[in-house]
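Colleague: File structure_26.txt below, compact mmCIF, C-alpha atoms:
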# COMPACT_ATOMS: atom_id res chain seq x y z
CA MET H 1 59.62 107.45 233.40
CA ILE H 2 56.07 107.13 232.17
CA GLY H 3 55.33 110.66 233.34
CA PHE H 4 58.38 112.00 231.50
CA TYR H 5 57.37 110.37 228.21
CA THR H 6 53.83 111.61 228.64
CA ILE H 7 55.03 115.16 229.18
CA ALA H 8 57.34 114.91 226.18
CA VAL H 9 54.50 113.66 223.99
CA LEU H 10 52.21 116.43 225.22
CA VAL H 11 54.88 119.05 224.59
CA GLY H 12 55.48 117.70 221.11
CA PHE H 13 51.76 117.69 220.42
CA VAL H 14 51.44 121.29 221.59
CA VAL H 15 54.37 122.30 219.41
CA LEU H 16 52.77 120.65 216.38
CA LEU H 17 49.51 122.43 217.11
CA LEU H 18 51.31 125.74 217.33
CA LEU H 19 53.13 125.09 214.08
CA TYR H 20 49.83 124.28 212.42
CA ALA H 21 48.01 127.22 214.00
CA ILE H 22 50.56 129.91 213.28
CA ARG H 23 50.78 130.97 209.64
CA ILE H 24 52.87 133.78 208.18
CA LEU H 25 51.71 135.31 204.92
CA ARG H 26 53.98 137.46 202.75
CA GLU H 27 52.97 140.85 201.43
CA TYR H 28 51.84 139.41 198.09
CA GLU H 29 49.89 136.52 199.67
CA ARG H 30 46.39 136.20 201.08
CA GLY H 31 44.77 133.39 203.02
CA VAL H 32 41.20 132.23 202.43
CA VAL H 33 40.02 130.83 205.78
CA PHE H 34 37.28 128.22 206.12
CA LEU H 35 35.54 127.41 209.40
CA LEU H 36 34.30 123.84 209.44
CA GLY H 37 34.22 123.88 205.66
CA ARG H 38 32.38 127.19 205.33
CA TYR H 39 33.97 130.35 204.05
CA GLN H 40 34.87 132.71 206.88
CA SER H 41 37.22 135.48 205.71
CA VAL H 42 40.31 136.49 203.77
CA LYS H 43 43.32 137.18 205.98
CA GLY H 44 46.84 138.50 205.51
CA PRO H 45 49.46 139.58 205.02
CA GLY H 46 51.41 138.99 208.23
CA LEU H 47 50.73 136.64 211.15
CA VAL H 48 47.56 134.57 210.97
CA ILE H 49 46.29 132.21 213.69
CA ILE H 50 44.33 129.15 212.60
CA ILE H 51 42.40 127.01 215.03
CA PRO H 52 43.60 123.45 214.44
CA PHE H 53 41.08 120.91 213.13
CA ILE H 54 38.40 123.60 212.98
CA GLN H 55 39.77 126.12 210.53
CA THR H 56 41.65 125.58 207.28
CA MET H 57 43.38 128.08 205.02
CA GLU H 58 44.22 128.25 201.31
CA ARG H 59 47.07 130.49 200.19
CA VAL H 60 46.59 132.70 197.15
CA ASP H 61 49.39 134.55 195.32
CA LEU H 62 48.40 138.03 194.15
CA ARG H 63 51.41 138.62 191.88
CA ILE H 64 51.11 138.71 188.09
CA VAL H 65 51.41 135.24 186.62
CA VAL H 66 53.14 134.75 183.26
CA MET H 67 51.53 131.80 181.48
CA ASP H 68 52.88 130.42 178.23
CA VAL H 69 50.07 129.20 175.99
CA PRO H 70 51.12 126.02 174.16
CA THR H 71 51.37 126.07 170.38
CA GLN H 72 47.96 125.75 168.75
CA ASP H 73 47.09 124.56 165.23
CA VAL H 74 44.84 127.20 163.69
CA ILE H 75 43.09 127.30 160.31
CA SER H 76 42.58 130.89 159.21
CA GLN H 77 39.51 132.23 157.45
CA ASP H 78 41.27 131.90 154.08
CA ASN H 79 42.01 128.20 154.80
CA VAL H 80 45.70 128.54 155.69
CA SER H 81 47.04 126.23 158.39
CA VAL H 82 49.34 127.95 160.88
CA ARG H 83 50.83 127.19 164.30
CA VAL H 84 50.44 129.96 166.86
CA ASN H 85 51.57 130.38 170.44
CA ALA H 86 51.09 133.23 172.87
CA VAL H 87 51.75 134.43 176.41
CA VAL H 88 49.10 135.58 178.89
CA TYR H 89 49.66 137.86 181.89
CA PHE H 90 47.05 137.69 184.67
CA ARG H 91 46.70 138.09 188.44
CA VAL H 92 44.20 137.27 191.16
CA VAL H 93 42.19 140.28 192.33
CA ASP H 94 39.58 138.41 194.40
CA PRO H 95 41.09 135.53 196.45
CA LYS H 96 37.68 134.34 197.62
CA ALA H 97 36.33 133.90 194.06
CA ALA H 98 39.61 132.34 192.86
CA ILE H 99 39.31 129.58 195.49
CA ILE H 100 35.55 129.08 195.74
CA ASN H 101 34.25 129.67 192.20
CA VAL H 102 36.79 127.64 190.23
CA GLU H 103 38.98 124.61 190.83
CA HIS H 104 42.65 125.36 190.04
CA PHE H 105 42.22 128.77 188.43
CA TYR H 106 45.63 128.53 186.73
CA ASP H 107 44.58 125.46 184.72
CA ALA H 108 41.21 127.04 183.98
CA VAL H 109 42.81 130.18 182.57
CA SER H 110 45.26 128.08 180.54
CA GLN H 111 42.53 126.01 178.89
CA LEU H 112 40.39 129.08 178.24
CA ALA H 113 43.35 130.89 176.66
CA GLN H 114 44.01 127.99 174.29
CA THR H 115 40.43 127.73 173.07
CA THR H 116 40.06 131.51 172.78
CA LEU H 117 43.29 131.76 170.78
CA ARG H 118 42.03 129.21 168.25
CA SER H 119 38.54 130.68 167.96
CA VAL H 120 39.66 134.30 167.56
CA LEU H 121 42.44 133.68 165.07
CA GLY H 122 40.20 131.34 163.06
CA LYS H 123 37.95 134.31 162.24
CA HIS H 124 40.75 136.29 160.58
CA GLU H 125 42.80 135.87 157.43
CA LEU H 126 46.51 135.21 157.37
CA ASP H 127 47.40 138.77 156.40
CA GLU H 128 45.53 140.08 159.45
CA MET H 129 47.37 137.65 161.73
CA LEU H 130 50.69 138.94 160.47
CA SER H 131 49.93 142.66 160.29
CA GLU H 132 47.26 143.34 162.95
CA ARG H 133 48.62 141.61 166.03
CA ASP H 134 47.77 144.49 168.33
CA LYS H 135 44.09 144.24 167.44
CA LEU H 136 44.09 140.45 167.85
CA ASN H 137 45.85 140.73 171.21
CA SER H 138 43.23 143.22 172.37
CA ASP H 139 40.35 141.00 171.23
CA ILE H 140 41.75 137.92 172.99
CA GLN H 141 42.43 139.87 176.17
CA GLU H 142 38.89 141.27 176.22
CA ILE H 143 37.33 137.82 175.84
CA LEU H 144 39.56 136.26 178.50
CA ASP H 145 38.98 139.09 180.93
CA GLU H 146 35.22 138.83 180.49
CA HIS H 147 35.16 135.09 181.20
CA THR H 148 37.65 135.13 184.09
CA ASP H 149 35.95 137.99 185.93
CA ALA H 150 33.75 135.51 187.83
CA TRP H 151 36.88 133.62 188.91
CA GLY H 152 38.42 136.68 190.55
CA VAL H 153 41.15 136.81 187.89
CA LYS H 154 42.18 139.90 185.92
CA VAL H 155 43.88 139.36 182.55
CA THR H 156 46.26 142.29 182.13
CA ASN H 157 47.85 141.50 178.77
CA VAL H 158 47.97 138.98 175.92
CA GLU H 159 50.76 138.79 173.35
CA ILE H 160 50.94 136.53 170.30
CA LYS H 161 54.56 135.41 170.08
CA HIS H 162 54.95 133.36 166.91
CA VAL H 163 52.93 132.57 163.79
CA ASP H 164 54.67 129.64 162.11
CA LEU H 165 53.95 128.86 158.44
CA ASP H 166 54.80 125.98 156.14
CA GLU H 167 57.72 126.37 153.75
CA SER H 168 55.39 126.35 150.74
CA MET H 169 53.31 129.14 152.24
CA ILE H 170 56.45 131.17 153.00
CA ARG H 171 57.52 130.88 149.36
CA ALA H 172 54.04 131.87 148.19
CA ILE H 173 54.09 134.93 150.42
CA ALA H 174 57.55 135.83 149.10
CA ARG H 175 56.30 135.62 145.51
CA GLN H 176 53.29 137.72 146.40
CA ALA H 177 55.49 140.36 148.02
CA GLU H 178 57.79 140.38 144.98
CA ALA H 179 54.85 140.83 142.63
CA GLU H 180 53.48 143.63 144.81
CA ARG H 181 56.82 145.44 144.79
CA SER H 182 57.07 145.02 141.01
CA ARG H 183 53.59 146.51 140.63
CA ARG H 184 54.51 149.47 142.82
CA ALA H 185 57.72 150.00 140.83
CA LYS H 186 55.80 150.07 137.55
CA ILE H 187 53.25 152.51 138.95
CA ILE H 188 55.99 154.78 140.28
CA HIS H 189 57.81 154.64 136.93
CA ALA H 190 54.60 155.48 135.05
CA GLU H 191 53.88 158.38 137.41
CA GLY H 192 57.42 159.64 136.87
CA GLU H 193 57.02 159.48 133.09
CA SER H 194 53.74 161.37 133.35
CA GLN H 195 55.26 164.09 135.50
CA ALA H 196 58.31 164.31 133.22
CA ALA H 197 56.07 164.67 130.16
CA ALA H 198 54.13 167.45 131.86
CA LYS H 199 57.32 169.28 132.75
CA LEU H 200 58.72 168.87 129.24
CA THR H 201 55.48 170.25 127.83
CA ASP H 202 55.78 173.30 130.08
CA ALA H 203 59.43 173.74 129.06
CA ALA H 204 58.56 173.48 125.37
CA LYS H 205 55.91 176.16 125.79
CA GLU H 206 58.42 178.46 127.46
CA LEU H 207 61.07 177.84 124.78
CA SER H 208 58.56 178.40 121.97
CA LYS H 209 58.02 181.97 123.17
CA SER H 210 61.56 182.91 122.04
CA PRO H 211 63.15 181.32 118.92
CA ASN H 212 66.68 182.09 120.18
CA ALA H 213 66.07 180.21 123.43
CA MET H 214 66.14 176.86 121.63
CA THR H 215 69.46 177.75 119.95
CA LEU H 216 70.97 178.68 123.31
CA ARG H 217 69.73 175.42 124.74
CA TYR H 218 71.39 173.50 121.90
CA LEU H 219 74.67 175.29 122.52
CA GLN H 220 74.49 174.49 126.25
CA THR H 221 73.88 170.84 125.41
CA LEU H 222 76.93 170.80 123.13
CA ILE H 223 79.04 172.29 125.92
CA ASP H 224 77.88 169.57 128.31
CA ILE H 225 78.67 166.83 125.77
CA ALA H 226 82.10 168.29 124.99
CA GLY H 227 82.98 168.35 128.70
CA GLU H 228 82.63 164.56 128.89
CA GLN H 229 85.46 164.04 126.36
CA ASN H 230 83.34 162.18 123.84
CA SER H 231 84.71 161.48 120.37
CA THR H 232 81.30 161.57 118.74
CA ILE H 233 78.86 164.42 119.02
CA VAL H 234 75.31 164.12 117.80
CA PHE H 235 74.00 167.52 116.87
CA PRO H 236 70.19 167.68 116.97
CA LEU H 237 68.69 169.52 114.05
CA PRO H 238 65.41 171.19 114.94
CA VAL H 239 62.40 170.51 112.82
CA GLU H 240 61.66 174.23 112.63
CA LEU H 241 65.03 174.80 110.99
CA LEU H 242 64.25 172.21 108.35
CA GLY H 243 60.97 173.98 107.76
CA HIS H 244 62.71 177.31 107.30
CA LEU H 245 65.28 175.74 104.92
CA SER H 246 62.55 174.14 102.84
CA GLU H 247 60.70 177.45 102.66
CA GLY H 248 63.90 179.24 101.62
CA LEU H 249 64.68 176.66 98.94
CA GLY H 250 61.15 176.92 97.65
CA LYS H 251 61.45 180.69 97.30
CA ILE H 252 64.77 180.33 95.47
CA VAL H 253 63.29 177.79 93.10
CA GLN H 254 60.32 180.03 92.44
CA LYS H 255 62.58 183.00 91.72
CA SER H 256 64.80 181.05 89.40
CA GLY H 257 61.79 179.61 87.58
CA GLY H 258 60.21 183.08 87.13
CA THR H 259 63.44 184.52 85.65
CA GLY H 260 63.64 181.74 83.05
CA LYS H 261 60.16 182.42 81.87
CA THR H 262 60.87 186.14 81.50
CA GLY H 263 63.98 185.52 79.37
CA THR H 264 62.13 183.19 77.05
CA THR H 265 59.38 185.75 76.54
CA GLY H 266 61.97 188.44 75.70
CA LYS H 267 63.65 186.23 73.14
CA ALA H 268 60.32 185.50 71.52
CA SER H 269 59.47 189.16 71.26
CA GLN H 270 62.83 189.95 69.82
CA THR H 271 62.38 187.27 67.19
CA LYS H 272 58.97 188.57 66.36
CA GLY H 273 60.32 192.09 65.96
CA GLY H 274 63.14 190.92 63.68
CA GLU H 275 60.74 189.38 61.37
Just give me the structure as structure tokens.
Modeller:
Amino acid sequence: MIGFYTIAVLVGFVVLLLLYAIRILREYERGVVFLLGRYQSVKGPGLVIIIPFIQTMERVDLRIVVMDVPTQDVISQDNVSVRVNAVVYFRVVDPKAAIINVEHFYDAVSQLAQTTLRSVLGKHELDEMLSERDKLNSDIQEILDEHTDAWGVKVTNVEIKHVDLDESMIRAIARQAEAERSRRAKIIHAEGESQAAAKLTDAAKELSKSPNAMTLRYLQTLIDIAGEQNSTIVFPLPVELLGHLSEGLGKIVQKSGGTGKTGTTGKASQTKGGE
């Protein structure tokens, strides 16, 4: 009986050793092997044999990790307080450096991303945060990638997700946008008036070349007004016509005045001859 229990214990011990010694790594995994505490090699994927009690192995996932950066309180360069969060995409490219050079590379990248997000956004104004996200994403990614290179980590992308503002700031931005649109509308209206005045000046020059052209234009305008079934028609009287009428009346007055003087002179001569 004692021999049977001894054999069973030995068999169980051997099975445990085999389970500890045999490791299977997936295609996206690598194993960093240490021999008596010293780095030996990187193994995988597939079947890996580890010598029990002499060798140890740390698994490293080579897939892209999606890390959500917690919401950070940021004060912009123009002293506006905002809450910003982002997402960082990174992967391990050097398993040896990710295990040896840094403790818990995931936490290290997370803390670095938070501090970098605050420092980079704090150097820009609110308008830049809202309108130039691509540039900010690129700057944050470049800084993270530079610092994590020694950890064997490659930052592939950074995206700012939300920029949350206070209600008062949202109303202020709305008023600013309304004022900006009003300014643009006034400028566009003034430009339209200027262009219309230029066109009217050109049209007046063309019409002035032919006196009958203005009369034809008046008649066309009357036709357009009559087609709208209006009960009142305002007929524009050209200033040139008034000028011609005043000149004609002046000539008539001059003629009538000259005739009166001639008659008076004749009567006087007749009277003188009668005497």
Colleague: What does the structure give for the distance between CA of Val92 in chain H and CA of Trp151 in chain H, in Å to one decimal?
Modeller: 8.5 Å
Colleague: Could you tell me how far CA of Phe13 in chain H lies from CA of Thr56 in chain H, in Å and to one decimal?
Modeller: 18.4 Å
Colleague: When distances are computed from only C-alpha atoms, which of H:Glu128, H:Glu191, H:Glu159, H:Glu178 shows the smallest separation from Val66 in chain H?
Modeller: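 Looking only at the distances to Val66 in chain H, the closest residue turns out to be H:Glu159.
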Colleague: What is the CA of Gly152 in chain H to CA of Thr71 in chain H distance in Å?
Modeller: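 These two atoms are separated by 26.2 Å.
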Colleague: Restricting the calculation to all atoms listed in the file: of H:Lys96, H:Ile143, H:Thr6, H:Ala174, which residue gets closest to Arg38 in chain H?
Modeller: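 Of H:Lys96, H:Ile143, H:Thr6, H:Ala174, the one nearest Arg38 in chain H, counting all atoms listed in the file, is H:Lys96.
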Colleague: Using only C-alpha atoms, which residues of range 8-82 of chain H come within 12 Å of range 97-100 of chain H, and what is the closest atom pair for each, with the distance in Å to one decimal? Give it as JSON lines, sorted by chain and residue number.
Modeller:
{"residue": "H:Arg30", "atom": "CA", "partner": "H:Ile99", "partner_atom": "CA", "distance": 11.2}
{"residue": "H:Gly31", "atom": "CA", "partner": "H:Ile99", "partner_atom": "CA", "distance": 10.1}
{"residue": "H:Val32", "atom": "CA", "partner": "H:Ile99", "partner_atom": "CA", "distance": 7.7}
{"residue": "H:Val33", "atom": "CA", "partner": "H:Ile99", "partner_atom": "CA", "distance": 10.4}
{"residue": "H:Phe34", "atom": "CA", "partner": "H:Ile100", "partner_atom": "CA", "distance": 10.6}
{"residue": "H:Gly37", "atom": "CA", "partner": "H:Ile100", "partner_atom": "CA", "distance": 11.3}
{"residue": "H:Arg38", "atom": "CA", "partner": "H:Ile100", "partner_atom": "CA", "distance": 10.3}
{"residue": "H:Tyr39", "atom": "CA", "partner": "H:Ile100", "partner_atom": "CA", "distance": 8.6}
{"residue": "H:Gln40", "atom": "CA", "partner": "H:Ile100", "partner_atom": "CA", "distance": 11.7}
{"residue": "H:Ser41", "atom": "CA", "partner": "H:Ala97", "partner_atom": "CA", "distance": 11.8}
{"residue": "H:Val42", "atom": "CA", "partner": "H:Ala97", "partner_atom": "CA", "distance": 10.8}
{"residue": "H:Met57", "atom": "CA", "partner": "H:Ile99", "partner_atom": "CA", "distance": 10.5}
{"residue": "H:Glu58", "atom": "CA", "partner": "H:Ile99", "partner_atom": "CA", "distance": 7.7}
{"residue": "H:Arg59", "atom": "CA", "partner": "H:Ile99", "partner_atom": "CA", "distance": 9.1}
{"residue": "H:Val60", "atom": "CA", "partner": "H:Ile99", "partner_atom": "CA", "distance": 8.1}
{"residue": "H:Asp61", "atom": "CA", "partner": "H:Ala98", "partner_atom": "CA", "distance": 10.3}
{"residue": "H:Leu62", "atom": "CA", "partner": "H:Ala98", "partner_atom": "CA", "distance": 10.6}
Colleague: With only C-alpha atoms as the basis for distance, which of H:Ala185, H:Asp149, H:Val87, H:Leu249 is at the shortest distance from Asn137 in chain H?
Modeller: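 Among the listed residues, H:Val87 lies closest to Asn137 in chain H.
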Colleague: Using all atoms listed in the file for the distances, tell me which of H:Pro52, H:Ala150, H:Pro45, H:Arg83 is nearest to Leu16 in chain H.
Modeller: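 Among H:Pro52, H:Ala150, H:Pro45, H:Arg83, it is H:Pro52 that comes nearest to Leu16 in chain H.
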Colleague: H:His124, H:Lys199, H:Lys209, H:Arg23: which is nearest Ile49 in chain H, counting all atoms listed in the file?
Modeller: H:Arg23
Colleague: Using only C-alpha atoms, pick whichever of H:Thr201, H:Lys123, H:Lys154, H:Asp73 has the shortest atom-to-atom distance to Phe90 in chain H.
Modeller: H:Lys154
Colleague: Restore all heavy atoms in range 193-204 of chain H and list the result as a PDB file, in the coordinates of the input.
Modeller:
ATOM      1  N   GLU H 193      57.084 159.132 134.515  1.00  0.00           N
ATOM      2  CA  GLU H 193      57.020 159.480 133.090  1.00  0.00           C
ATOM      3  C   GLU H 193      55.944 160.534 132.840  1.00  0.00           C
ATOM      4  O   GLU H 193      56.135 161.466 132.042  1.00  0.00           O
ATOM      5  CB  GLU H 193      56.721 158.220 132.269  1.00  0.00           C
ATOM      6  CG  GLU H 193      57.858 157.209 132.236  1.00  0.00           C
ATOM      7  CD  GLU H 193      59.056 157.727 131.465  1.00  0.00           C
ATOM      8  OE1 GLU H 193      58.873 158.624 130.608  1.00  0.00           O
ATOM      9  OE2 GLU H 193      60.179 157.259 131.721  1.00  0.00           O
ATOM     10  N   SER H 194      54.817 160.386 133.528  1.00  0.00           N
ATOM     11  CA  SER H 194      53.740 161.370 133.350  1.00  0.00           C
ATOM     12  C   SER H 194      54.167 162.749 133.833  1.00  0.00           C
ATOM     13  O   SER H 194      53.940 163.761 133.155  1.00  0.00           O
ATOM     14  CB  SER H 194      52.489 160.897 134.099  1.00  0.00           C
ATOM     15  OG  SER H 194      51.456 161.848 134.017  1.00  0.00           O
ATOM     16  N   GLN H 195      54.796 162.796 134.988  1.00  0.00           N
ATOM     17  CA  GLN H 195      55.260 164.090 135.500  1.00  0.00           C
ATOM     18  C   GLN H 195      56.352 164.682 134.618  1.00  0.00           C
ATOM     19  O   GLN H 195      56.367 165.900 134.380  1.00  0.00           O
ATOM     20  CB  GLN H 195      55.770 163.910 136.929  1.00  0.00           C
ATOM     21  CG  GLN H 195      54.690 163.523 137.932  1.00  0.00           C
ATOM     22  CD  GLN H 195      55.239 163.268 139.314  1.00  0.00           C
ATOM     23  OE1 GLN H 195      56.436 163.450 139.563  1.00  0.00           O
ATOM     24  NE2 GLN H 195      54.375 162.836 140.217  1.00  0.00           N
ATOM     25  N   ALA H 196      57.261 163.807 134.111  1.00  0.00           N
ATOM     26  CA  ALA H 196      58.310 164.310 133.220  1.00  0.00           C
ATOM     27  C   ALA H 196      57.724 164.863 131.931  1.00  0.00           C
ATOM     28  O   ALA H 196      58.168 165.907 131.417  1.00  0.00           O
ATOM     29  CB  ALA H 196      59.306 163.188 132.908  1.00  0.00           C
ATOM     30  N   ALA H 197      56.707 164.175 131.384  1.00  0.00           N
ATOM     31  CA  ALA H 197      56.070 164.670 130.160  1.00  0.00           C
ATOM     32  C   ALA H 197      55.407 166.021 130.398  1.00  0.00           C
ATOM     33  O   ALA H 197      55.470 166.926 129.556  1.00  0.00           O
ATOM     34  CB  ALA H 197      55.052 163.643 129.671  1.00  0.00           C
ATOM     35  N   ALA H 198      54.769 166.162 131.552  1.00  0.00           N
ATOM     36  CA  ALA H 198      54.130 167.450 131.860  1.00  0.00           C
ATOM     37  C   ALA H 198      55.160 168.562 131.974  1.00  0.00           C
ATOM     38  O   ALA H 198      54.960 169.680 131.465  1.00  0.00           O
ATOM     39  CB  ALA H 198      53.323 167.320 133.159  1.00  0.00           C
ATOM     40  N   LYS H 199      56.276 168.270 132.620  1.00  0.00           N
ATOM     41  CA  LYS H 199      57.320 169.280 132.750  1.00  0.00           C
ATOM     42  C   LYS H 199      57.939 169.629 131.409  1.00  0.00           C
ATOM     43  O   LYS H 199      58.252 170.804 131.135  1.00  0.00           O
ATOM     44  CB  LYS H 199      58.401 168.793 133.726  1.00  0.00           C
ATOM     45  CG  LYS H 199      57.930 168.625 135.156  1.00  0.00           C
ATOM     46  CD  LYS H 199      57.493 169.947 135.755  1.00  0.00           C
ATOM     47  CE  LYS H 199      57.055 169.813 137.199  1.00  0.00           C
ATOM     48  NZ  LYS H 199      56.597 171.093 137.781  1.00  0.00           N
ATOM     49  N   LEU H 200      58.158 168.600 130.569  1.00  0.00           N
ATOM     50  CA  LEU H 200      58.720 168.870 129.240  1.00  0.00           C
ATOM     51  C   LEU H 200      57.758 169.705 128.401  1.00  0.00           C
ATOM     52  O   LEU H 200      58.183 170.570 127.622  1.00  0.00           O
ATOM     53  CB  LEU H 200      59.029 167.546 128.536  1.00  0.00           C
ATOM     54  CG  LEU H 200      60.226 166.759 129.082  1.00  0.00           C
ATOM     55  CD1 LEU H 200      60.333 165.403 128.394  1.00  0.00           C
ATOM     56  CD2 LEU H 200      61.521 167.550 128.908  1.00  0.00           C
ATOM     57  N   THR H 201      56.468 169.438 128.561  1.00  0.00           N
ATOM     58  CA  THR H 201      55.480 170.250 127.830  1.00  0.00           C
ATOM     59  C   THR H 201      55.545 171.705 128.265  1.00  0.00           C
ATOM     60  O   THR H 201      55.514 172.630 127.434  1.00  0.00           O
ATOM     61  CB  THR H 201      54.072 169.687 128.062  1.00  0.00           C
ATOM     62  OG1 THR H 201      54.033 168.317 127.642  1.00  0.00           O
ATOM     63  CG2 THR H 201      53.037 170.484 127.298  1.00  0.00           C
ATOM     64  N   ASP H 202      55.653 171.922 129.574  1.00  0.00           N
ATOM     65  CA  ASP H 202      55.780 173.300 130.080  1.00  0.00           C
ATOM     66  C   ASP H 202      57.056 173.954 129.570  1.00  0.00           C
ATOM     67  O   ASP H 202      57.061 175.135 129.179  1.00  0.00           O
ATOM     68  CB  ASP H 202      55.759 173.293 131.604  1.00  0.00           C
ATOM     69  CG  ASP H 202      54.429 172.821 132.154  1.00  0.00           C
ATOM     70  OD1 ASP H 202      53.426 172.872 131.414  1.00  0.00           O
ATOM     71  OD2 ASP H 202      54.397 172.380 133.327  1.00  0.00           O
ATOM     72  N   ALA H 203      58.164 173.184 129.542  1.00  0.00           N
ATOM     73  CA  ALA H 203      59.430 173.740 129.060  1.00  0.00           C
ATOM     74  C   ALA H 203      59.351 174.073 127.569  1.00  0.00           C
ATOM     75  O   ALA H 203      59.877 175.115 127.117  1.00  0.00           O
ATOM     76  CB  ALA H 203      60.558 172.740 129.314  1.00  0.00           C
ATOM     77  N   ALA H 204      58.699 173.214 126.804  1.00  0.00           N
ATOM     78  CA  ALA H 204      58.560 173.480 125.370  1.00  0.00           C
ATOM     79  C   ALA H 204      57.738 174.744 125.120  1.00  0.00           C
ATOM     80  O   ALA H 204      58.044 175.538 124.207  1.00  0.00           O
ATOM     81  CB  ALA H 204      57.915 172.279 124.679  1.00  0.00           C
TER      82      ALA H 204
END
